[in-house]
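**Q** To start, I am sharing the structure in question, which I have written as structure tokens.
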Amino acid sequence: MFDGFALDSEGGAWITTLVSNRLWYVSPQGRPHLVIEDCNPEQVARLARYQATTGVPISILYEERRQTLCNIASVAFGGPDLRTIYLGSLTGESIFHFPSPVPGMKPRHWDYRFNA
């Protein structure tokens with residue numbers, strides 16, 4: 001299940017997937033590339049069965065897992081040069097981060113000037 005996403009300065013999209021603990025990069029040309037995977041195949045198969053039959057119960061998003069990423073749900077660029085990727089999770093107690101090969105898209109409000 002796709003969840004959080006962030007855009008980089010070159011037009012690429014970085015997308016997290018719930019339950020499967022994956023981070024995808026989709027190029028501006030639309031080509032997907034798996035960046036990180038920390039999944040439990042049994043859990044992913046269970047999710048697929050739910051999707052195909054009764055629908056996905058919210059409880060599956062918060063179940064105890066042994067994966068490191070703890071159900072990543074969000075991705076964001078940060079740091080002064082926007083070259084750090086941060087991953088937030090639903091059940092973890094940490095925010096994971098790593099250097100990005102490209103900077104994130106600069107937020108519009110960074111150029112906003114207040115007139116006092």
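Residue names in the structure tokens use chain letters A, B, ... in the order shown, residue numbers from 1 in each chain, and ligand numbers from 1 in the order shown.
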Near A:Ala76, within 12 Å and counting only C-alpha atoms, which residues show up once chain neighbours fewer than 2 positions away are dropped, as a PyMOL selection string?

**A** chain A and resi 4-8+13-16+23+72-74+78-79+82-89+95-100+103-107

**Q** Could the residues in this selection be written to a file with N, CA and C atoms, as a CSV table (one decimal), in the first residue's frame?

**A**
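Okay, this is what ended up in out.csv:
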```csv
chain,number,residue,atom,x,y,z
A,4,GLY,N,3.3,7.6,2.0
A,4,GLY,CA,3.9,8.9,1.9
A,4,GLY,C,4.8,9.1,0.7
A,5,PHE,N,4.9,10.3,0.2
A,5,PHE,CA,5.8,10.6,-0.9
A,5,PHE,C,6.4,12.0,-0.8
A,6,ALA,N,7.5,12.2,-1.4
A,6,ALA,CA,8.2,13.5,-1.5
A,6,ALA,C,8.8,13.6,-2.9
A,7,LEU,N,8.9,14.8,-3.4
A,7,LEU,CA,9.4,15.1,-4.7
A,7,LEU,C,10.8,15.6,-4.6
A,8,ASP,N,11.7,15.2,-5.5
A,8,ASP,CA,13.1,15.8,-5.5
A,8,ASP,C,13.2,16.9,-6.5
A,13,ALA,N,10.0,11.1,-7.8
A,13,ALA,CA,9.1,10.9,-6.6
A,13,ALA,C,9.7,9.8,-5.8
A,14,TRP,N,9.7,10.0,-4.5
A,14,TRP,CA,10.1,9.0,-3.5
A,14,TRP,C,8.9,8.6,-2.7
A,15,ILE,N,8.6,7.3,-2.7
A,15,ILE,CA,7.3,6.8,-2.2
A,15,ILE,C,7.5,5.7,-1.2
A,16,THR,N,6.8,5.8,-0.1
A,16,THR,CA,6.9,4.7,0.9
A,16,THR,C,5.7,3.8,0.8
A,23,LEU,N,10.9,1.6,0.1
A,23,LEU,CA,11.0,2.9,-0.4
A,23,LEU,C,11.3,2.8,-1.9
A,72,ILE,N,7.4,1.9,7.6
A,72,ILE,CA,7.6,3.3,7.1
A,72,ILE,C,6.4,3.8,6.4
A,73,ALA,N,6.1,5.0,6.8
A,73,ALA,CA,4.9,5.7,6.3
A,73,ALA,C,5.1,7.0,5.7
A,74,SER,N,6.3,7.6,5.9
A,74,SER,CA,6.5,9.0,5.4
A,74,SER,C,8.0,9.1,5.0
A,78,GLY,N,15.4,16.9,4.0
A,78,GLY,CA,15.8,17.9,5.0
A,78,GLY,C,17.2,18.2,5.0
A,79,GLY,N,17.6,19.0,6.0
A,79,GLY,CA,19.0,19.5,6.1
A,79,GLY,C,19.1,20.8,5.3
A,82,LEU,N,18.9,20.1,1.7
A,82,LEU,CA,17.9,19.1,1.3
A,82,LEU,C,18.4,17.9,0.7
A,83,ARG,N,19.6,17.4,1.2
A,83,ARG,CA,20.2,16.2,0.7
A,83,ARG,C,20.2,15.1,1.7
A,84,THR,N,19.3,15.2,2.7
A,84,THR,CA,19.1,14.1,3.6
A,84,THR,C,17.7,13.6,3.5
A,85,ILE,N,17.5,12.3,3.3
A,85,ILE,CA,16.1,11.7,3.3
A,85,ILE,C,15.8,11.2,4.7
A,86,TYR,N,14.6,11.5,5.2
A,86,TYR,CA,14.1,11.0,6.5
A,86,TYR,C,13.0,10.1,6.2
A,87,LEU,N,12.9,9.0,7.0
A,87,LEU,CA,11.8,8.1,6.9
A,87,LEU,C,11.1,8.0,8.3
A,88,GLY,N,9.8,8.3,8.3
A,88,GLY,CA,9.1,8.1,9.5
A,88,GLY,C,8.3,6.8,9.5
A,89,SER,N,8.0,6.3,10.7
A,89,SER,CA,7.3,5.0,10.7
A,89,SER,C,6.1,5.1,11.6
A,95,ILE,N,13.6,8.0,13.7
A,95,ILE,CA,13.5,8.5,12.4
A,95,ILE,C,14.7,8.1,11.7
A,96,PHE,N,14.6,7.3,10.6
A,96,PHE,CA,15.8,6.8,9.9
A,96,PHE,C,16.1,7.9,8.9
A,97,HIS,N,17.4,8.0,8.6
A,97,HIS,CA,17.9,9.0,7.6
A,97,HIS,C,19.1,8.5,6.9
A,98,PHE,N,19.3,9.0,5.7
A,98,PHE,CA,20.5,8.7,4.9
A,98,PHE,C,20.7,9.8,3.8
A,99,PRO,N,21.9,9.9,3.3
A,99,PRO,CA,22.1,10.9,2.3
A,99,PRO,C,21.4,10.6,1.0
A,100,SER,N,20.9,11.7,0.3
A,100,SER,CA,20.2,11.6,-0.9
A,100,SER,C,21.2,11.9,-2.1
A,103,PRO,N,19.1,16.6,-4.3
A,103,PRO,CA,18.3,17.3,-3.2
A,103,PRO,C,16.8,17.2,-3.5
A,104,GLY,N,16.1,17.4,-2.4
A,104,GLY,CA,14.7,17.4,-2.4
A,104,GLY,C,14.2,18.7,-3.1
A,105,MET,N,12.9,18.8,-3.4
A,105,MET,CA,12.3,20.0,-4.0
A,105,MET,C,12.3,21.0,-2.9
A,106,LYS,N,12.7,22.2,-3.2
A,106,LYS,CA,12.8,23.3,-2.3
A,106,LYS,C,11.4,23.8,-1.9
A,107,PRO,N,11.0,23.8,-0.6
A,107,PRO,CA,9.7,24.3,-0.3
A,107,PRO,C,9.5,25.7,-0.7
```

**Q** From the DSSP assignment of the backbone, select every residue of chain A that is strand (DSSP E), and format the answer as an MDAnalysis selection string.

**A** chainID A and resid 2:7 13:17 22:26 32:37 72:78 84:89 96:99

**Q** Could you give me, as a PDB file with N, CA and C atoms, in the first residue's frame, the residues within 7 Å of A:Leu34, counting only C-alpha atoms and dropping anything in the same chain fewer than 2 positions from it?

**A**
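As written to disk, out11.pdb reads:
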```pdb
ATOM      1  N   LEU A  23      10.865   1.576   0.133  1.00  0.00           N
ATOM      2  CA  LEU A  23      10.991   2.934  -0.369  1.00  0.00           C
ATOM      3  C   LEU A  23      11.282   2.818  -1.858  1.00  0.00           C
ATOM      4  N   TRP A  24      10.426   3.435  -2.659  1.00  0.00           N
ATOM      5  CA  TRP A  24      10.559   3.425  -4.104  1.00  0.00           C
ATOM      6  C   TRP A  24      10.975   4.798  -4.599  1.00  0.00           C
ATOM      7  N   TYR A  25      11.762   4.816  -5.661  1.00  0.00           N
ATOM      8  CA  TYR A  25      12.055   6.043  -6.385  1.00  0.00           C
ATOM      9  C   TYR A  25      11.453   5.874  -7.774  1.00  0.00           C
ATOM     10  N   PRO A  32      10.200   2.981 -12.128  1.00  0.00           N
ATOM     11  CA  PRO A  32      10.352   2.730 -10.691  1.00  0.00           C
ATOM     12  C   PRO A  32      11.666   2.024 -10.377  1.00  0.00           C
ATOM     13  N   ILE A  36      14.931   0.706  -0.940  1.00  0.00           N
ATOM     14  CA  ILE A  36      15.068  -0.016   0.331  1.00  0.00           C
ATOM     15  C   ILE A  36      13.927  -1.015   0.442  1.00  0.00           C
TER      16      ILE A  36
END
```

**Q** Could you tell me how far atom CA of A:Asn21 lies from atom CA of A:Pro101, in Å and to one decimal?

**A** 20.5 Å

**Q** From the set A:Arg46, A:Pro28, A:Val19, A:Gly55, which residue has the shortest atom-to-atom contact distance to A:Leu69, counting only C-alpha atoms?

**A**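 Looking at the shortest contact to A:Leu69, the residue is A:Val19.
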
**Q** Using the chain letters and numbers from this document, which residues of stretch 1-113 of chain A does DSSP assign to alpha helix (DSSP H), as an MDAnalysis selection string?

**A** chainID A and resid 41:52

**Q** Can those selected residues be exported to a file as a short mmCIF file (atom, residue, chain, number, x, y, z; two decimals), in the first residue's frame so that it contains N, CA, C and O atoms?

**A**
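That gives us out.cif:
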```
data_model
loop_
_atom_site.label_atom_id
_atom_site.label_comp_id
_atom_site.auth_asym_id
_atom_site.auth_seq_id
_atom_site.Cartn_x
_atom_site.Cartn_y
_atom_site.Cartn_z
N PRO A 41 7.84 -11.40 4.10
CA PRO A 41 7.04 -11.94 3.01
C PRO A 41 5.69 -12.51 3.46
O PRO A 41 4.69 -12.37 2.74
N GLU A 42 5.63 -13.10 4.64
CA GLU A 42 4.35 -13.63 5.13
C GLU A 42 3.35 -12.51 5.37
O GLU A 42 2.17 -12.64 5.07
N GLN A 43 3.82 -11.41 5.92
CA GLN A 43 2.96 -10.26 6.18
C GLN A 43 2.44 -9.65 4.87
O GLN A 43 1.28 -9.29 4.76
N VAL A 44 3.32 -9.54 3.89
CA VAL A 44 2.94 -8.99 2.60
C VAL A 44 1.91 -9.89 1.92
O VAL A 44 0.93 -9.42 1.34
N ALA A 45 2.09 -11.20 2.02
CA ALA A 45 1.12 -12.15 1.44
C ALA A 45 -0.23 -12.02 2.14
O ALA A 45 -1.28 -12.07 1.49
N ARG A 46 -0.21 -11.84 3.45
CA ARG A 46 -1.45 -11.65 4.20
C ARG A 46 -2.16 -10.37 3.77
O ARG A 46 -3.37 -10.35 3.58
N LEU A 47 -1.39 -9.31 3.60
CA LEU A 47 -1.96 -8.05 3.12
C LEU A 47 -2.61 -8.23 1.75
O LEU A 47 -3.73 -7.76 1.52
N ALA A 48 -1.95 -8.94 0.86
CA ALA A 48 -2.49 -9.18 -0.49
C ALA A 48 -3.81 -9.96 -0.41
O ALA A 48 -4.75 -9.66 -1.16
N ARG A 49 -3.88 -10.93 0.50
CA ARG A 49 -5.13 -11.69 0.66
C ARG A 49 -6.25 -10.77 1.14
O ARG A 49 -7.37 -10.83 0.65
N TYR A 50 -5.95 -9.91 2.10
CA TYR A 50 -6.95 -8.94 2.58
C TYR A 50 -7.42 -8.03 1.45
O TYR A 50 -8.60 -7.78 1.29
N GLN A 51 -6.47 -7.52 0.66
CA GLN A 51 -6.82 -6.62 -0.43
C GLN A 51 -7.72 -7.30 -1.45
O GLN A 51 -8.61 -6.68 -2.01
N ALA A 52 -7.49 -8.59 -1.67
CA ALA A 52 -8.26 -9.33 -2.68
C ALA A 52 -9.61 -9.81 -2.16
O ALA A 52 -10.48 -10.17 -2.97
#
```

**Q** Find, counting only C-alpha atoms, the residue in A:Thr54, A:Asn71, A:Thr91, A:Ser59 that gets nearest to A:Cys39.

**A**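 Selected residue with least distance to A:Cys39: A:Asn71.
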
**Q** Would you please work out which residue, of A:Val102, A:Thr53, A:Tyr62, A:Pro80, is nearest to A:Gly12 when using only C-alpha atoms?

**A**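 Result for the nearest residue to A:Gly12: A:Val102.
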
**Q** Just how far from atom CA of A:Ser20 is atom CA of A:Val35, in Å to one decimal?

**A**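 Here the two named atoms are 12.7 Å from each other.
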
**Q** What is the atom CA of A:Leu90-atom CA of A:His33 distance in Å, reported with one decimal?

**A**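 Atom-to-atom, atom CA of A:Leu90 to atom CA of A:His33, that is 23.2 Å.
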